[in-house]
>>> print(open('target.txt').read())   # compact mmCIF, C-alpha atoms
# COMPACT_ATOMS: atom_id res chain seq x y z
CA ALA X 13 6.41 20.82 16.98
CA PHE X 14 10.01 19.81 17.55
CA THR X 15 13.21 21.48 18.73
CA GLY X 16 14.35 24.00 16.14
CA ALA X 17 10.93 24.34 14.46
CA ALA X 18 11.18 28.10 14.08
CA THR X 19 9.66 28.47 10.62
CA ALA X 20 6.64 26.97 8.93
CA GLN X 21 7.30 23.84 6.88
CA GLN X 22 5.01 22.50 4.17
CA GLY X 23 3.61 19.11 5.14
CA LEU X 24 1.96 16.35 3.13
CA PHE X 25 -1.51 17.87 3.31
CA GLN X 26 -0.29 21.19 1.95
CA ALA X 27 1.73 19.44 -0.77
CA ALA X 28 -1.40 17.49 -1.76
CA ASP X 29 -3.67 20.58 -1.71
CA GLY X 30 -6.07 20.31 -4.64
CA GLY X 31 -5.17 16.67 -5.15
CA THR X 32 -5.13 13.26 -3.50
CA LEU X 33 -3.22 11.93 -0.50
CA PHE X 34 -2.83 8.17 -0.02
CA LEU X 35 -2.61 7.04 3.61
CA ASP X 36 -1.41 3.44 3.75
CA GLU X 37 -2.01 1.19 6.77
CA ILE X 38 -4.48 3.59 8.34
CA GLY X 39 -5.40 0.84 10.83
CA ASP X 40 -1.92 1.08 12.39
CA MET X 41 -2.40 4.74 13.28
CA PRO X 42 -2.42 5.44 17.03
CA LEU X 43 -5.58 6.95 18.53
CA SER X 44 -3.81 10.25 19.27
CA LEU X 45 -2.96 10.69 15.58
CA GLN X 46 -6.45 9.55 14.52
CA ALA X 47 -7.89 12.52 16.42
CA LYS X 48 -5.57 14.92 14.59
CA LEU X 49 -6.40 13.41 11.21
CA LEU X 50 -10.13 13.66 11.96
CA ARG X 51 -9.72 17.34 12.83
CA VAL X 52 -7.96 18.02 9.51
CA LEU X 53 -10.69 16.19 7.59
CA GLN X 54 -13.49 18.00 9.41
CA GLU X 55 -11.98 21.49 9.36
CA GLY X 56 -10.14 21.29 6.03
CA ALA X 57 -7.16 23.02 7.61
CA VAL X 58 -3.74 22.17 8.98
CA ARG X 59 -1.30 24.05 11.16
CA PRO X 60 2.20 23.51 9.76
CA VAL X 61 4.98 22.71 12.21
CA GLY X 62 6.37 25.99 13.49
CA ALA X 63 3.40 28.05 12.24
CA THR X 64 1.00 30.07 14.34
CA GLN X 65 -1.81 30.14 11.78
CA SER X 66 -3.81 27.31 10.19
CA VAL X 67 -3.76 26.84 6.42
CA ASN X 68 -6.81 25.67 4.47
CA VAL X 69 -6.33 22.52 2.40
CA ASP X 70 -8.58 20.73 -0.06
CA VAL X 71 -7.38 17.12 -0.17
CA ARG X 72 -9.05 13.91 -1.30
CA ILE X 73 -8.02 11.03 0.98
CA ILE X 74 -7.56 7.46 -0.14
CA SER X 75 -6.66 5.11 2.68
CA ALA X 76 -5.85 1.43 2.94
CA THR X 77 -5.34 -1.12 5.64
CA HIS X 78 -4.94 -4.85 6.09
CA ARG X 79 -6.72 -4.62 9.43
CA ASN X 80 -10.38 -5.28 10.21
CA LEU X 81 -11.58 -1.76 11.00
CA ASP X 82 -15.03 -3.01 12.03
CA GLN X 83 -13.42 -5.10 14.76
CA MET X 84 -11.09 -2.25 15.69
CA ARG X 85 -14.08 0.06 16.07
CA ALA X 86 -15.75 -2.51 18.34
CA ASP X 87 -12.49 -2.77 20.35
CA ARG X 88 -12.28 1.04 20.45
CA THR X 89 -8.81 1.01 18.87
CA PHE X 90 -10.06 2.87 15.78
CA ARG X 91 -12.26 5.94 16.08
CA GLU X 92 -15.78 5.41 14.79
CA ASP X 93 -16.12 9.02 13.65
CA LEU X 94 -12.87 8.76 11.64
CA PHE X 95 -14.04 5.46 10.16
CA TYR X 96 -17.21 7.06 8.81
CA ARG X 97 -15.30 10.10 7.58
CA LEU X 98 -12.94 7.84 5.58
CA ASN X 99 -15.37 5.09 4.56
CA VAL X 100 -17.30 7.09 1.95
CA ILE X 101 -16.60 4.80 -1.00
CA PRO X 102 -15.18 1.51 0.25
CA VAL X 103 -13.24 -0.58 -2.24
CA HIS X 104 -12.52 -4.16 -1.28
CA VAL X 105 -9.45 -5.60 -2.98
CA PRO X 106 -9.51 -9.37 -2.55
CA PRO X 107 -6.30 -11.20 -1.68
CA MET X 108 -4.15 -12.63 -4.49
CA ARG X 109 -5.38 -16.16 -3.78
CA GLU X 110 -8.86 -14.96 -4.84
CA ARG X 111 -7.65 -13.27 -8.03
CA ARG X 112 -5.07 -15.63 -9.47
CA SER X 113 -5.81 -14.36 -12.98
CA ASP X 114 -3.87 -11.19 -12.03
CA ILE X 115 -0.67 -13.14 -11.34
CA PRO X 116 0.65 -13.49 -14.93
CA LEU X 117 0.21 -9.79 -15.68
CA LEU X 118 1.75 -8.68 -12.38
CA ALA X 119 4.61 -11.18 -12.62
CA GLY X 120 5.42 -10.05 -16.16
CA HIS X 121 5.40 -6.43 -15.05
CA PHE X 122 7.76 -7.16 -12.15
CA VAL X 123 10.15 -9.17 -14.36
CA ALA X 124 10.40 -6.23 -16.78
CA LYS X 125 10.82 -3.77 -13.90
CA TYR X 126 13.65 -5.68 -12.25
CA CYS X 127 15.42 -6.51 -15.50
CA HIS X 128 15.46 -2.80 -16.30
CA HIS X 129 16.42 -1.79 -12.75
CA ASN X 130 19.34 -4.26 -12.69
CA ASN X 131 20.46 -3.72 -16.30
CA LEU X 132 19.64 -7.33 -17.20
CA PRO X 133 18.48 -8.58 -20.58
CA PRO X 134 14.71 -9.07 -20.93
CA LYS X 135 13.50 -12.31 -19.33
CA GLU X 136 10.40 -14.46 -19.56
CA ILE X 137 8.75 -16.81 -17.10
CA SER X 138 8.66 -20.48 -18.09
CA GLN X 139 5.30 -22.27 -18.12
CA GLU X 140 6.45 -24.42 -15.19
CA ALA X 141 7.46 -21.36 -13.16
CA MET X 142 4.14 -19.67 -13.99
CA ARG X 143 2.25 -22.77 -12.80
CA ALA X 144 4.22 -22.61 -9.53
CA LEU X 145 3.32 -18.92 -9.16
CA MET X 146 -0.34 -19.71 -9.81
CA ARG X 147 -0.39 -22.52 -7.21
CA HIS X 148 1.07 -20.42 -4.39
CA ASP X 149 -1.45 -18.79 -1.98
CA TRP X 150 0.49 -15.48 -1.66
CA PRO X 151 -0.29 -14.63 1.97
CA GLY X 152 1.85 -11.50 1.48
CA ASN X 153 -0.21 -10.58 -1.60
CA VAL X 154 1.34 -8.36 -4.29
CA ARG X 155 4.31 -7.41 -2.12
CA GLU X 156 5.25 -11.07 -1.71
CA LEU X 157 4.85 -11.72 -5.44
CA GLU X 158 7.01 -8.71 -6.29
CA ASN X 159 9.70 -9.86 -3.86
CA ALA X 160 9.67 -13.38 -5.32
CA ILE X 161 9.96 -12.07 -8.88
CA GLU X 162 12.72 -9.62 -7.97
CA ARG X 163 14.72 -12.44 -6.36
CA ALA X 164 14.14 -14.80 -9.29
CA THR X 165 15.09 -12.14 -11.84
CA VAL X 166 18.34 -11.27 -10.10
CA MET X 167 19.30 -14.83 -9.11
CA SER X 168 18.74 -16.24 -12.60
CA GLY X 169 21.83 -14.38 -13.78
CA GLY X 170 22.26 -14.15 -17.53
CA ARG X 171 19.54 -16.70 -18.34
CA THR X 172 16.52 -15.25 -20.11
CA LEU X 173 13.97 -17.82 -18.90
CA LEU X 174 12.92 -17.95 -15.26
CA GLU X 175 12.42 -21.51 -14.03
CA PRO X 176 10.71 -22.88 -10.89
CA GLY X 177 14.14 -23.29 -9.23
CA ASP X 178 14.65 -19.53 -9.46
CA LEU X 179 11.60 -18.94 -7.28
CA PRO X 180 11.86 -18.83 -3.46
CA GLY X 181 11.07 -22.08 -1.56
>>> encode(input="target.txt", output="structure tokens")
Amino acid sequence: AFTGAATAQQGLFQAADGGTLFLDEIGDMPLSLQAKLLRVLQEGAVRPVGATQSVNVDVRIISATHRNLDQMRADRTFREDLFYRLNVIPVHVPPMRERRSDIPLLAGHFVAKYCHHNNLPPKEISQEAMRALMRHDWPGNVRELENAIERATVMSGGRTLLEPGDLPG
């Protein structure tokens, strides 16, 4: 609760009732919050801020992290019981450097997105620029690729063909 919390407020779990809630970077969650999340998952109920009664919720959880939860469990920085509650159907998404075939499709999508967002004419990626994108290891994965394409799209001005020089260093 917080100062001024006099009435019940709908939270994310209530808003997602009957649906799915995506929890990103679950490995960054402090232990105190992990305990609260575990309780919600086990009991299927939340107590909204300012409320005196719990509310039942039926929510499917999808979570993601860049952290090694096995190591965090061993270090006791991630609760083992929460890990097993969340790890029902694990899906490993390999880094971009291991799925380079996704780069052209993603890059094309981001070019279209940022042309539209910035009211620019449609643009294409030159073969040379695409080769540069394919050679890069993308340690920041899709977020890094999106950032690079956004920058290239905006910085290329009125040109309709993105060249290697439009890409970040």
>>> residues_around(input="target.txt", residues="Arg112 of chain X", least_positions_apart="6", cutoff="10 Å", atoms="only C-alpha atoms", output="PDB file with C-alpha atoms, keeping the file's coordinate frame")
ATOM      1  CA  LEU X 145       3.320 -18.920  -9.160  1.00  0.00           C
ATOM      2  CA  MET X 146      -0.340 -19.710  -9.810  1.00  0.00           C
ATOM      3  CA  ARG X 147      -0.390 -22.520  -7.210  1.00  0.00           C
ATOM      4  CA  HIS X 148       1.070 -20.420  -4.390  1.00  0.00           C
ATOM      5  CA  ASP X 149      -1.450 -18.790  -1.980  1.00  0.00           C
ATOM      6  CA  TRP X 150       0.490 -15.480  -1.660  1.00  0.00           C
TER       7      TRP X 150
END
>>> closest_residue(input="target.txt", among="X:Gln22, X:Asn159, X:Arg143, X:Arg88", to="Gly62 of chain X", atoms="all atoms listed in the file")
X:Gln22
>>> residues_around(input="target.txt", residues="Gly120 of chain X", least_positions_apart="2", cutoff="9 Å", atoms="all atoms listed in the file", output="ChimeraX atom specification")
/X:115-118,122-125,135-137,161
>>> residues_around(input="target.txt", residues="segment 23-32 of chain X", least_positions_apart="2", cutoff="12 Å", atoms="only C-alpha atoms", output="JSON, numbers by chain")
{"X": [20, 21, 34, 35, 49, 52, 53, 56, 57, 58, 59, 60, 61, 62, 63, 66, 67, 68, 69, 70, 71, 72, 73, 74, 75]}
>>> write_last_selection(input="target.txt", atoms="C-alpha atoms", output="mmCIF file, in the coordinates of the input")
data_model
loop_
_atom_site.group_PDB
_atom_site.id
_atom_site.type_symbol
_atom_site.label_atom_id
_atom_site.label_comp_id
_atom_site.auth_asym_id
_atom_site.auth_seq_id
_atom_site.Cartn_x
_atom_site.Cartn_y
_atom_site.Cartn_z
ATOM 1 C CA ALA X 20 6.640 26.970 8.930
ATOM 2 C CA GLN X 21 7.300 23.840 6.880
ATOM 3 C CA PHE X 34 -2.830 8.170 -0.020
ATOM 4 C CA LEU X 35 -2.610 7.040 3.610
ATOM 5 C CA LEU X 49 -6.400 13.410 11.210
ATOM 6 C CA VAL X 52 -7.960 18.020 9.510
ATOM 7 C CA LEU X 53 -10.690 16.190 7.590
ATOM 8 C CA GLY X 56 -10.140 21.290 6.030
ATOM 9 C CA ALA X 57 -7.160 23.020 7.610
ATOM 10 C CA VAL X 58 -3.740 22.170 8.980
ATOM 11 C CA ARG X 59 -1.300 24.050 11.160
ATOM 12 C CA PRO X 60 2.200 23.510 9.760
ATOM 13 C CA VAL X 61 4.980 22.710 12.210
ATOM 14 C CA GLY X 62 6.370 25.990 13.490
ATOM 15 C CA ALA X 63 3.400 28.050 12.240
ATOM 16 C CA SER X 66 -3.810 27.310 10.190
ATOM 17 C CA VAL X 67 -3.760 26.840 6.420
ATOM 18 C CA ASN X 68 -6.810 25.670 4.470
ATOM 19 C CA VAL X 69 -6.330 22.520 2.400
ATOM 20 C CA ASP X 70 -8.580 20.730 -0.060
ATOM 21 C CA VAL X 71 -7.380 17.120 -0.170
ATOM 22 C CA ARG X 72 -9.050 13.910 -1.300
ATOM 23 C CA ILE X 73 -8.020 11.030 0.980
ATOM 24 C CA ILE X 74 -7.560 7.460 -0.140
ATOM 25 C CA SER X 75 -6.660 5.110 2.680
#
>>> atom_distance(input="target.txt", atom1="atom CA of Glu140 of chain X", atom2="atom CA of Arg163 of chain X")
17.0 Å
>>> axis_aligned_box(input="target.txt", around="segment 98-101 of chain X", padding_each_side="5 Å", output="JSON")
{"center_x": -15.1, "center_y": 6.3, "center_z": 2.3, "size_x": 14.4, "size_y": 13.0, "size_z": 16.6}
>>> closest_residue(input="target.txt", among="X:Leu94, X:Ile38, X:Met108, X:Cys127", to="Val154 of chain X", atoms="all atoms listed in the file")
X:Met108
>>> atom_distance(input="target.txt", atom1="atom CA of Tyr126 of chain X", atom2="atom CA of Ala164 of chain X")
9.6 Å
>>> atom_distance(input="target.txt", atom1="atom CA of Glu175 of chain X", atom2="atom CA of Ala141 of chain X")
5.0 Å
>>> closest_residue(input="target.txt", among="X:Ala119, X:Ala160, X:Leu43, X:Met142", to="Arg85 of chain X", atoms="all atoms listed in the file")
X:Leu43
>>> closest_residue(input="target.txt", among="X:Gln83, X:Thr165, X:Arg97, X:Asp114", to="Glu55 of chain X", atoms="all atoms listed in the file")
X:Arg97
>>> closest_residue(input="target.txt", among="X:Pro134, X:Gln46, X:Gly181, X:Arg109", to="Glu92 of chain X", atoms="all atoms listed in the file")
X:Gln46
